>>> print(open('entry-v4.tsv').read())   # TSV, C-alpha atoms
chain	number	residue	atom	x	y	z
A	1	MET	CA	-3.72	-16.81	-82.29
A	2	GLN	CA	-4.18	-15.05	-78.98
A	3	LYS	CA	-5.67	-11.62	-79.35
A	4	ILE	CA	-4.01	-8.94	-77.26
A	5	ALA	CA	-5.13	-5.34	-77.16
A	6	ILE	CA	-3.18	-2.84	-75.10
A	7	ILE	CA	-4.57	0.57	-74.29
A	8	LEU	CA	-2.31	3.14	-72.66
A	9	LEU	CA	-3.84	6.19	-71.08
A	10	PHE	CA	-1.60	8.69	-69.33
A	11	PHE	CA	-3.20	11.38	-67.22
A	12	ILE	CA	-1.53	14.69	-66.43
A	13	SER	CA	-3.45	16.30	-63.61
A	14	SER	CA	-2.84	18.73	-60.79
A	15	GLN	CA	-5.41	17.03	-58.58
A	16	VAL	CA	-4.21	15.30	-55.42
A	17	PHE	CA	-6.32	12.20	-56.09
A	18	GLY	CA	-6.84	10.25	-59.27
A	19	GLN	CA	-5.77	7.32	-61.37
A	20	ARG	CA	-2.50	7.78	-63.23
A	21	ASP	CA	-0.46	5.70	-65.66
A	22	LEU	CA	-3.52	3.67	-66.54
A	23	LYS	CA	-2.79	0.58	-68.60
A	24	ILE	CA	-5.42	-1.87	-69.85
A	25	THR	CA	-4.47	-5.22	-71.38
A	26	ILE	CA	-7.04	-7.55	-72.95
A	27	ALA	CA	-5.94	-11.19	-73.32
A	28	ASP	CA	-6.89	-14.75	-72.37
A	29	PHE	CA	-4.92	-14.95	-69.12
A	30	ASN	CA	-6.47	-18.18	-67.78
A	31	ASN	CA	-6.51	-20.13	-71.06
A	32	ASP	CA	-10.29	-20.65	-71.19
A	33	MET	CA	-10.63	-19.29	-74.76
A	34	VAL	CA	-12.29	-16.08	-73.49
A	35	ASP	CA	-10.48	-12.74	-73.27
A	36	ASP	CA	-9.97	-11.25	-69.80
A	37	THR	CA	-9.15	-7.65	-68.85
A	38	LEU	CA	-6.11	-6.57	-66.84
A	39	LYS	CA	-6.11	-3.01	-65.54
A	40	THR	CA	-3.19	-1.37	-63.72
A	41	PHE	CA	-2.93	2.17	-62.41
A	42	TYR	CA	-1.47	4.35	-59.66
A	43	GLU	CA	-3.73	6.19	-57.24
A	44	GLY	CA	-2.77	8.42	-54.34
A	45	GLY	CA	-1.87	11.82	-53.02
A	46	SER	CA	0.78	13.50	-50.90
A	47	GLY	CA	2.17	11.02	-48.41
A	48	PHE	CA	0.20	7.98	-49.51
A	49	GLY	CA	-0.71	5.96	-52.57
A	50	GLY	CA	0.13	2.83	-54.48
A	51	ARG	CA	-0.45	0.71	-57.54
A	52	TYR	CA	-3.61	-1.27	-58.16
A	53	VAL	CA	-3.79	-4.30	-60.41
A	54	GLN	CA	-7.26	-5.57	-61.29
A	55	MET	CA	-8.22	-8.62	-63.33
A	56	THR	CA	-11.71	-9.21	-64.71
A	57	ASN	CA	-12.61	-12.74	-65.74
A	58	GLY	CA	-14.05	-12.47	-69.25
A	59	LYS	CA	-16.31	-15.48	-68.80
A	60	THR	CA	-17.76	-14.81	-65.33
A	61	ASN	CA	-17.13	-11.04	-65.04
A	62	GLU	CA	-15.63	-11.69	-61.57
A	63	ARG	CA	-12.99	-9.12	-60.60
A	64	PHE	CA	-9.80	-9.76	-58.62
A	65	GLU	CA	-7.45	-7.15	-57.19
A	66	LEU	CA	-4.07	-6.72	-55.52
A	67	THR	CA	-2.72	-3.38	-54.31
A	68	ASN	CA	0.31	-2.06	-52.49
A	69	ASN	CA	-1.50	1.13	-51.52
A	70	GLY	CA	-0.25	2.60	-48.27
A	71	CYS	CA	1.67	5.35	-46.48
A	72	SER	CA	4.92	6.82	-47.78
A	73	CYS	CA	6.22	6.23	-44.26
A	74	GLU	CA	6.30	2.42	-44.64
A	75	ILE	CA	9.52	0.56	-45.39
A	76	LYS	CA	7.54	-2.67	-45.47
A	77	ARG	CA	3.99	-3.32	-46.61
A	78	MET	CA	1.63	-6.27	-46.48
A	79	VAL	CA	-0.28	-7.20	-49.65
A	80	LEU	CA	-3.15	-9.53	-48.83
A	81	MET	CA	-4.37	-12.28	-51.12
A	82	THR	CA	-8.16	-12.42	-51.18
A	83	PRO	CA	-9.90	-15.79	-50.65
A	84	ALA	CA	-11.01	-15.82	-54.29
A	85	LEU	CA	-7.42	-15.50	-55.52
A	86	ALA	CA	-6.41	-18.44	-53.35
A	87	LYS	CA	-8.67	-20.79	-55.32
A	88	SER	CA	-6.90	-23.20	-57.65
A	89	GLU	CA	-8.92	-22.11	-60.70
A	90	ASN	CA	-7.65	-18.54	-60.28
A	91	GLN	CA	-3.92	-19.25	-59.96
A	92	LEU	CA	-3.12	-18.00	-63.47
A	93	PHE	CA	-4.82	-14.72	-62.61
A	94	LEU	CA	-2.84	-14.51	-59.37
A	95	LYS	CA	0.41	-15.18	-61.19
A	96	GLU	CA	-0.19	-12.28	-63.56
A	97	LEU	CA	-1.29	-9.89	-60.80
A	98	LYS	CA	1.86	-10.65	-58.79
A	99	ALA	CA	4.05	-10.14	-61.85
A	100	GLN	CA	2.51	-6.71	-62.36
A	101	LEU	CA	2.72	-5.54	-58.74
A	102	LEU	CA	5.44	-7.25	-56.73
A	103	PRO	CA	9.25	-7.15	-56.86
A	104	GLU	CA	11.26	-10.37	-56.93
A	105	LYS	CA	10.44	-13.18	-54.51
A	106	ARG	CA	12.71	-14.44	-51.77
A	107	ASN	CA	12.21	-17.51	-49.61
A	108	LYS	CA	13.40	-15.89	-46.39
A	109	PRO	CA	14.11	-12.38	-45.13
A	110	ASP	CA	17.55	-10.81	-45.16
A	111	ALA	CA	19.10	-9.66	-41.87
A	112	SER	CA	17.48	-6.21	-41.93
A	113	LEU	CA	13.92	-7.39	-42.56
A	114	ASP	CA	14.53	-10.18	-40.04
A	115	TRP	CA	15.21	-7.48	-37.42
A	116	ILE	CA	11.88	-5.82	-38.26
A	117	ILE	CA	9.92	-9.08	-38.05
A	118	LYS	CA	11.50	-10.14	-34.76
A	119	SER	CA	11.00	-6.66	-33.31
A	120	ALA	CA	7.30	-6.76	-34.22
A	121	TYR	CA	6.94	-9.72	-31.88
A	122	ALA	CA	9.30	-8.52	-29.16
A	123	ASN	CA	8.41	-4.99	-28.09
A	124	LYS	CA	6.52	-3.43	-25.22
A	125	LYS	CA	5.35	0.05	-24.32
A	126	LEU	CA	6.12	1.41	-20.86
A	127	GLU	CA	3.97	3.96	-19.04
A	128	ASN	CA	5.65	4.70	-15.73
A	129	ASN	CA	9.32	3.96	-16.34
A	130	LYS	CA	11.77	6.67	-15.29
A	131	PHE	CA	13.63	6.66	-18.62
A	132	PHE	CA	11.87	4.64	-21.34
A	133	ASP	CA	8.51	4.49	-23.06
A	134	LEU	CA	9.35	1.65	-25.48
A	135	ILE	CA	11.50	-1.48	-25.30
A	136	ILE	CA	12.47	-3.60	-28.31
A	137	ASP	CA	14.16	-6.94	-27.73
A	138	PRO	CA	14.60	-8.79	-31.05
A	139	LYS	CA	17.34	-11.18	-29.86
A	140	ASN	CA	19.36	-10.63	-33.03
A	141	SER	CA	22.71	-12.36	-33.34
A	142	TRP	CA	26.03	-11.53	-34.95
A	143	ARG	CA	26.52	-12.79	-38.50
A	144	ASN	CA	29.85	-13.89	-39.93
A	145	THR	CA	28.68	-13.90	-43.55
A	146	GLU	CA	29.46	-11.25	-46.13
A	147	PHE	CA	27.40	-8.12	-45.58
A	148	GLU	CA	24.35	-8.01	-47.83
A	149	TYR	CA	22.90	-4.76	-49.10
A	150	PRO	CA	19.14	-5.39	-49.04
A	151	SER	CA	17.12	-4.85	-52.20
A	152	ASN	CA	13.40	-4.71	-52.88
A	153	TYR	CA	11.71	-8.11	-52.64
A	154	TYR	CA	8.78	-9.92	-51.08
A	155	ILE	CA	8.31	-13.05	-49.00
A	156	GLU	CA	5.14	-15.10	-48.66
A	157	VAL	CA	3.62	-15.05	-45.18
A	158	GLU	CA	0.65	-16.61	-43.46
A	159	GLY	CA	-0.67	-17.50	-40.03
A	160	ASP	CA	0.61	-15.63	-36.99
A	161	THR	CA	3.25	-13.72	-38.94
A	162	LEU	CA	0.69	-12.31	-41.35
A	163	THR	CA	-1.81	-11.24	-38.70
A	164	LYS	CA	0.92	-9.81	-36.46
A	165	LEU	CA	2.55	-7.69	-39.17
A	166	TYR	CA	-0.68	-6.67	-40.84
A	167	GLY	CA	-2.42	-5.82	-37.59
A	168	THR	CA	0.28	-3.37	-36.53
A	169	ALA	CA	-0.52	-1.00	-39.40
A	170	TYR	CA	-3.99	-1.64	-40.79
A	171	GLU	CA	-7.52	-2.53	-39.81
A	172	ALA	CA	-8.05	-6.13	-40.86
A	173	PRO	CA	-10.73	-6.86	-43.49
A	174	GLU	CA	-13.62	-9.08	-42.45
A	175	TRP	CA	-12.41	-11.96	-44.60
A	176	LEU	CA	-8.92	-12.08	-43.09
A	177	HIS	CA	-8.50	-15.44	-41.37
A	178	LYS	CA	-5.32	-16.31	-39.52
A	179	LYS	CA	-5.33	-19.96	-40.58
A	180	ALA	CA	-6.42	-19.50	-44.19
A	181	THR	CA	-5.38	-16.09	-45.52
A	182	LYS	CA	-1.99	-15.69	-47.19
A	183	GLY	CA	-0.14	-12.53	-48.05
A	184	PHE	CA	2.99	-11.02	-49.45
A	185	LEU	CA	5.29	-8.99	-47.20
A	186	VAL	CA	6.96	-6.46	-49.49
A	187	TYR	CA	10.22	-4.89	-48.35
A	188	TYR	CA	10.98	-1.52	-49.94
A	189	ALA	CA	14.68	-1.58	-49.06
A	190	HIS	CA	15.56	1.08	-51.64
A	191	ASN	CA	14.54	3.61	-48.98
A	192	HIS	CA	17.74	2.80	-47.07
A	193	TYR	CA	19.87	4.38	-49.78
A	194	ARG	CA	20.54	8.02	-50.54
A	195	ASN	CA	21.38	7.04	-54.09
A	196	LYS	CA	21.93	3.80	-55.98
A	197	VAL	CA	25.71	3.96	-55.78
A	198	GLY	CA	28.27	5.67	-53.59
A	199	ASP	CA	27.21	6.62	-50.08
A	200	SER	CA	24.62	3.96	-49.35
A	201	LEU	CA	26.42	2.98	-46.16
A	202	GLN	CA	28.23	5.59	-44.07
A	203	ILE	CA	30.36	5.09	-40.99
A	204	SER	CA	28.98	7.19	-38.16
A	205	ASP	CA	31.03	6.19	-35.09
A	206	ASN	CA	33.99	4.01	-34.16
A	207	ASN	CA	35.59	3.19	-30.80
A	208	GLY	CA	38.22	0.79	-32.07
A	209	PHE	CA	36.16	-2.25	-31.14
A	210	TYR	CA	32.83	-1.47	-32.78
A	211	LYS	CA	32.29	0.32	-36.07
A	212	VAL	CA	28.85	1.82	-36.54
A	213	TYR	CA	27.39	2.34	-40.01
A	214	GLN	CA	24.12	3.91	-41.02
A	215	THR	CA	21.81	4.00	-43.99
A	216	SER	CA	19.02	6.56	-44.29
A	217	HIS	CA	16.81	4.45	-42.01
A	218	GLY	CA	18.98	1.74	-40.49
A	219	VAL	CA	22.02	1.11	-38.30
A	220	ILE	CA	24.55	-1.70	-38.65
A	221	VAL	CA	27.43	-2.51	-36.30
A	222	LYS	CA	30.57	-4.38	-37.30
A	223	LYS	CA	32.89	-6.14	-34.87
A	224	GLY	CA	35.86	-7.61	-36.66
A	225	ASN	CA	34.45	-9.95	-39.29
A	226	LEU	CA	31.02	-9.97	-37.64
A	227	HIS	CA	28.09	-7.65	-38.26
A	228	LYS	CA	24.46	-7.19	-37.29
A	229	TRP	CA	21.55	-4.86	-37.98
A	230	ILE	CA	20.56	-3.27	-34.69
A	231	PHE	CA	17.96	-0.64	-35.60
A	232	ILE	CA	15.58	0.26	-38.42
A	233	SER	CA	12.99	3.04	-38.58
A	234	ASP	CA	9.73	1.18	-39.05
A	235	ILE	CA	6.51	3.13	-38.63
A	236	SER	CA	4.78	0.29	-36.77
A	237	ILE	CA	7.60	-0.31	-34.29
A	238	THR	CA	9.96	2.63	-33.82
A	239	GLY	CA	8.21	5.37	-35.76
A	240	ALA	CA	9.36	6.87	-39.07
A	241	PRO	CA	9.22	10.11	-41.06
A	242	ASP	CA	6.02	10.89	-42.93
A	243	LYS	CA	7.91	10.24	-46.16
A	244	LEU	CA	10.92	7.94	-46.34
A	245	ARG	CA	12.76	10.21	-48.75
A	246	TRP	CA	13.55	12.16	-45.56
A	247	GLU	CA	16.38	10.49	-43.64
A	248	SER	CA	15.59	9.37	-40.11
A	249	ILE	CA	19.01	8.28	-38.80
A	250	GLN	CA	20.91	11.45	-37.98
A	251	MET	CA	23.46	10.59	-35.30
A	252	THR	CA	24.97	7.66	-33.39
A	253	LYS	CA	27.22	7.82	-30.32
A	254	LEU	CA	29.11	4.92	-28.75
A	255	TYR	CA	29.66	4.40	-25.01
A	256	GLY	CA	31.46	1.09	-24.73
A	257	LYS	CA	28.98	-1.63	-25.74
A	258	TYR	CA	26.08	0.83	-25.61
A	259	LEU	CA	24.95	2.98	-28.52
A	260	PHE	CA	22.71	6.04	-28.70
A	261	ILE	CA	20.79	6.62	-31.92
A	262	GLN	CA	19.15	9.93	-32.81
A	263	GLN	CA	16.08	9.33	-34.96
A	264	ASP	CA	14.59	12.36	-36.70
A	265	LEU	CA	10.91	12.37	-37.65
A	266	PRO	CA	10.32	14.98	-40.37
A	267	PRO	CA	8.38	17.12	-40.87
A	268	SER	CA	7.59	17.48	-37.15
A	269	GLY	CA	10.96	18.98	-36.19
A	270	GLU	CA	11.18	16.49	-33.32
A	271	TYR	CA	13.53	13.61	-32.76
A	272	LYS	CA	13.80	10.58	-30.53
A	273	LEU	CA	16.77	9.05	-28.75
A	274	PHE	CA	17.21	5.29	-28.55
A	275	VAL	CA	19.85	3.51	-26.51
A	276	LEU	CA	20.78	-0.13	-27.00
A	277	ASN	CA	23.14	-2.83	-25.87
A	278	ILE	CA	25.01	-3.82	-29.02
A	279	GLU	CA	25.79	-7.34	-27.82
A	280	THR	CA	22.30	-8.36	-26.71
A	281	GLY	CA	20.36	-6.12	-29.12
A	282	ILE	CA	17.91	-4.80	-26.52
A	283	CYS	CA	16.83	-1.26	-27.38
A	284	GLY	CA	15.02	1.37	-25.35
A	285	ARG	CA	13.47	4.66	-26.48
A	286	LEU	CA	13.93	7.56	-24.08
A	287	LYS	CA	10.50	8.92	-23.23
A	288	TYR	CA	11.48	12.57	-23.59
A	289	ASP	CA	10.63	14.70	-26.62
A	290	PHE	CA	13.56	16.44	-28.24
A	291	SER	CA	13.38	19.12	-30.89
A	292	ASN	CA	15.75	20.64	-33.41
A	293	ALA	CA	15.94	24.43	-33.44
A	294	ASP	CA	16.52	24.30	-37.17
A	295	ASN	CA	16.94	21.78	-39.95
A	296	SER	CA	20.65	22.27	-40.58
A	297	VAL	CA	22.90	19.25	-40.75
A	298	GLU	CA	25.10	20.78	-38.06
A	299	ASN	CA	22.18	21.03	-35.67
A	300	GLN	CA	20.83	17.59	-36.50
A	301	ARG	CA	24.17	16.02	-35.61
A	302	ASP	CA	24.67	18.11	-32.47
A	303	THR	CA	25.65	15.95	-29.50
A	304	SER	CA	25.81	18.73	-26.91
A	305	LEU	CA	23.14	16.99	-24.81
A	306	PHE	CA	25.90	14.52	-23.86
A	307	GLN	CA	28.25	15.90	-21.24
A	308	GLY	CA	30.93	13.39	-20.33
A	309	GLU	CA	29.19	10.41	-18.76
A	310	SER	CA	25.87	12.25	-18.40
A	311	ILE	CA	22.99	13.35	-20.56
A	312	ILE	CA	21.19	16.67	-20.14
A	313	ILE	CA	17.46	16.63	-20.87
A	314	ASN	CA	15.03	19.55	-20.95
A	315	THR	CA	11.75	18.41	-19.43
A	316	GLN	CA	8.85	20.44	-18.04
A	317	GLY	CA	10.81	23.64	-18.53
A	318	GLU	CA	13.80	22.45	-16.52
A	319	GLN	CA	17.17	20.91	-17.33
A	320	VAL	CA	17.68	17.51	-15.75
A	321	THR	CA	20.98	15.65	-15.79
A	322	TYR	CA	21.05	11.86	-15.73
A	323	LYS	CA	24.05	9.60	-15.38
A	324	LEU	CA	24.43	7.36	-18.40
A	325	LYS	CA	25.26	4.41	-16.17
A	326	ASN	CA	21.81	4.68	-14.59
A	327	ILE	CA	20.15	4.65	-18.00
A	328	PHE	CA	22.18	1.59	-19.02
A	329	LYS	CA	21.36	-0.13	-15.72
A	330	GLU	CA	17.64	0.41	-16.24
A	331	LEU	CA	17.86	-0.89	-19.81
A	332	GLU	CA	19.34	-4.14	-18.52
A	333	THR	CA	16.23	-4.76	-16.40
A	334	GLN	CA	13.88	-4.61	-19.38
A	335	TYR	CA	14.57	-7.82	-21.30
A	336	ILE	CA	11.24	-9.11	-22.50
A	337	THR	CA	12.29	-12.69	-21.75
A	338	LYS	CA	13.04	-11.48	-18.19
A	339	LYS	CA	16.47	-13.03	-18.57
A	340	LYS	CA	19.58	-11.02	-19.30
A	341	ARG	CA	21.61	-12.28	-22.22
A	342	ASN	CA	25.33	-11.66	-22.62
>>> encode(input="entry-v4.tsv", output="structure tokens")
Amino acid sequence: MQKIAIILLFFISSQVFGQRDLKITIADFNNDMVDDTLKTFYEGGSGFGGRYVQMTNGKTNERFELTNNGCSCEIKRMVLMTPALAKSENQLFLKELKAQLLPEKRNKPDASLDWIIKSAYANKKLENNKFFDLIIDPKNSWRNTEFEYPSNYYIEVEGDTLTKLYGTAYEAPEWLHKKATKGFLVYYAHNHYRNKVGDSLQISDNNGFYKVYQTSHGVIVKKGNLHKWIFISDISITGAPDKLRWESIQMTKLYGKYLFIQQDLPPSGEYKLFVLNIETGICGRLKYDFSNADNSVENQRDTSLFQGESIIINTQGEQVTYKLKNIFKELETQYITKKKRN
């Protein structure tokens, strides 16, 4: 009969760093008649951290590890599979490590994660543009399916997708190989919601043709029976708060088919303005820095910088007024494919 010993050690500490919720399980995980050791724990501090799962082969003493350690600012995170875990003889170890660390598996991304992945490939930084310092052009389409509230899950990735998404946030380990390494893209979609039920999706603007909804970190537009995700705060693409428990989407404002999005970035006290074409999905970030005088909800949702068909921007100690039509016109010249889409 399989021998299983479970040791639970809970640490209560005021230190910023340290292992917590340590759990050690001794069992024959790979069915070779020798007990192995599974160790799981949390390690981190303010603004970063994650769980570690470590497996030690009882026969060879070889150790394998998976971790989701990272920044509290990340709505997605890449978990890399080491070359040793990819070997056929270690698949039972890998299965147990995944069960301990990862949420449920999905075969393909939902619409919101799909926006993030496409945007990771289709963005460019601008240095000398009059209005914008970042363009995102994910080419997302309307969907006529029932709206899906995203939940936590992971998808398996490899090749170009893995190296592209991993390289935007982390320094790659020496053993990472584009053609051989596999990984797990974990989507922490719970960060979209203020609570598990109730106000997870709030309407933020409506012009009779488009209805704009927001989560804590995302924006969805509905047009009749159609809908699409058009913006998500992702630290690697658009920027995000230091901790995702702080909401980043604070205001949206419709001008015909164009939409302004105010993205707050706590705790800096600054915010960014994005403008996008709802139909084509192209999105530009205005290059100016804006700041909130205080943290009140009233101030965060203040739209006084919009005056009729103009926007008033404080830059270099002066107030400058720009016509919105000129901002929209410039946005339409920035498609990454160099071809305007209707």
>>> closest_atom_pairs(input="entry-v4.tsv", of="range 62-177 of chain A", to="range 229-236 of chain A", cutoff="12 Å", atoms="only C-alpha atoms", output="CSV")
residue,atom,partner,partner_atom,distance
A:Gly70,CA,A:Ile235,CA,11.8
A:Cys71,CA,A:Ile235,CA,9.5
A:Ser72,CA,A:Ile235,CA,10.0
A:Cys73,CA,A:Ile235,CA,6.4
A:Glu74,CA,A:Ile235,CA,6.1
A:Ile75,CA,A:Asp234,CA,6.4
A:Lys76,CA,A:Asp234,CA,7.8
A:Arg77,CA,A:Asp234,CA,10.5
A:Asp110,CA,A:Trp229,CA,10.1
A:Ala111,CA,A:Trp229,CA,6.6
A:Ser112,CA,A:Trp229,CA,5.8
A:Leu113,CA,A:Ile232,CA,8.9
A:Asp114,CA,A:Trp229,CA,9.0
A:Trp115,CA,A:Trp229,CA,6.9
A:Ile116,CA,A:Ile232,CA,7.1
A:Ile117,CA,A:Asp234,CA,10.3
A:Lys118,CA,A:Ile230,CA,11.4
A:Ser119,CA,A:Phe231,CA,9.5
A:Ala120,CA,A:Ser236,CA,7.9
A:Tyr121,CA,A:Ser236,CA,11.3
A:Asn123,CA,A:Ser236,CA,10.8
A:Ile136,CA,A:Phe231,CA,9.6
A:Asp137,CA,A:Ile230,CA,10.1
A:Pro138,CA,A:Ile230,CA,8.9
A:Lys139,CA,A:Ile230,CA,9.8
A:Asn140,CA,A:Ile230,CA,7.6
A:Ser141,CA,A:Trp229,CA,8.9
A:Trp142,CA,A:Trp229,CA,8.6
A:Arg143,CA,A:Trp229,CA,9.4
A:Phe147,CA,A:Trp229,CA,10.1
A:Glu148,CA,A:Trp229,CA,10.7
A:Tyr149,CA,A:Trp229,CA,11.2
A:Pro150,CA,A:Trp229,CA,11.3
A:Lys164,CA,A:Ser236,CA,10.8
A:Leu165,CA,A:Ser236,CA,8.6
A:Tyr166,CA,A:Ser236,CA,9.7
A:Gly167,CA,A:Ser236,CA,9.5
A:Thr168,CA,A:Ser236,CA,5.8
A:Ala169,CA,A:Ser236,CA,6.1
A:Tyr170,CA,A:Ser236,CA,9.8
>>> closest_residue(input="entry-v4.tsv", among="A:Lys105, A:Lys223, A:Lys95, A:Arg245", to="Tyr154 in chain A", atoms="all atoms listed in the file")
A:Lys105
>>> closest_residue(input="entry-v4.tsv", among="A:Lys125, A:Lys39, A:Lys130, A:Arg106", to="Asn152 in chain A", atoms="only C-alpha atoms")
A:Arg106
>>> atom_distance(input="entry-v4.tsv", atom1="CA of Glu332 in chain A", atom2="CA of Asn144 in chain A")
25.8 Å
>>> residues_around(input="entry-v4.tsv", residues="Lys325 in chain A", least_positions_apart="5", cutoff="9 Å", atoms="all atoms listed in the file", output="ChimeraX atom specification")
/A:309-310,330
>>> atom_distance(input="entry-v4.tsv", atom1="CA of Leu162 in chain A", atom2="CA of Leu97 in chain A")
19.7 Å
>>> closest_residue(input="entry-v4.tsv", among="A:Ile311, A:Ala99, A:Leu265, A:Ile327", to="Trp246 in chain A", atoms="all atoms listed in the file")
A:Leu265
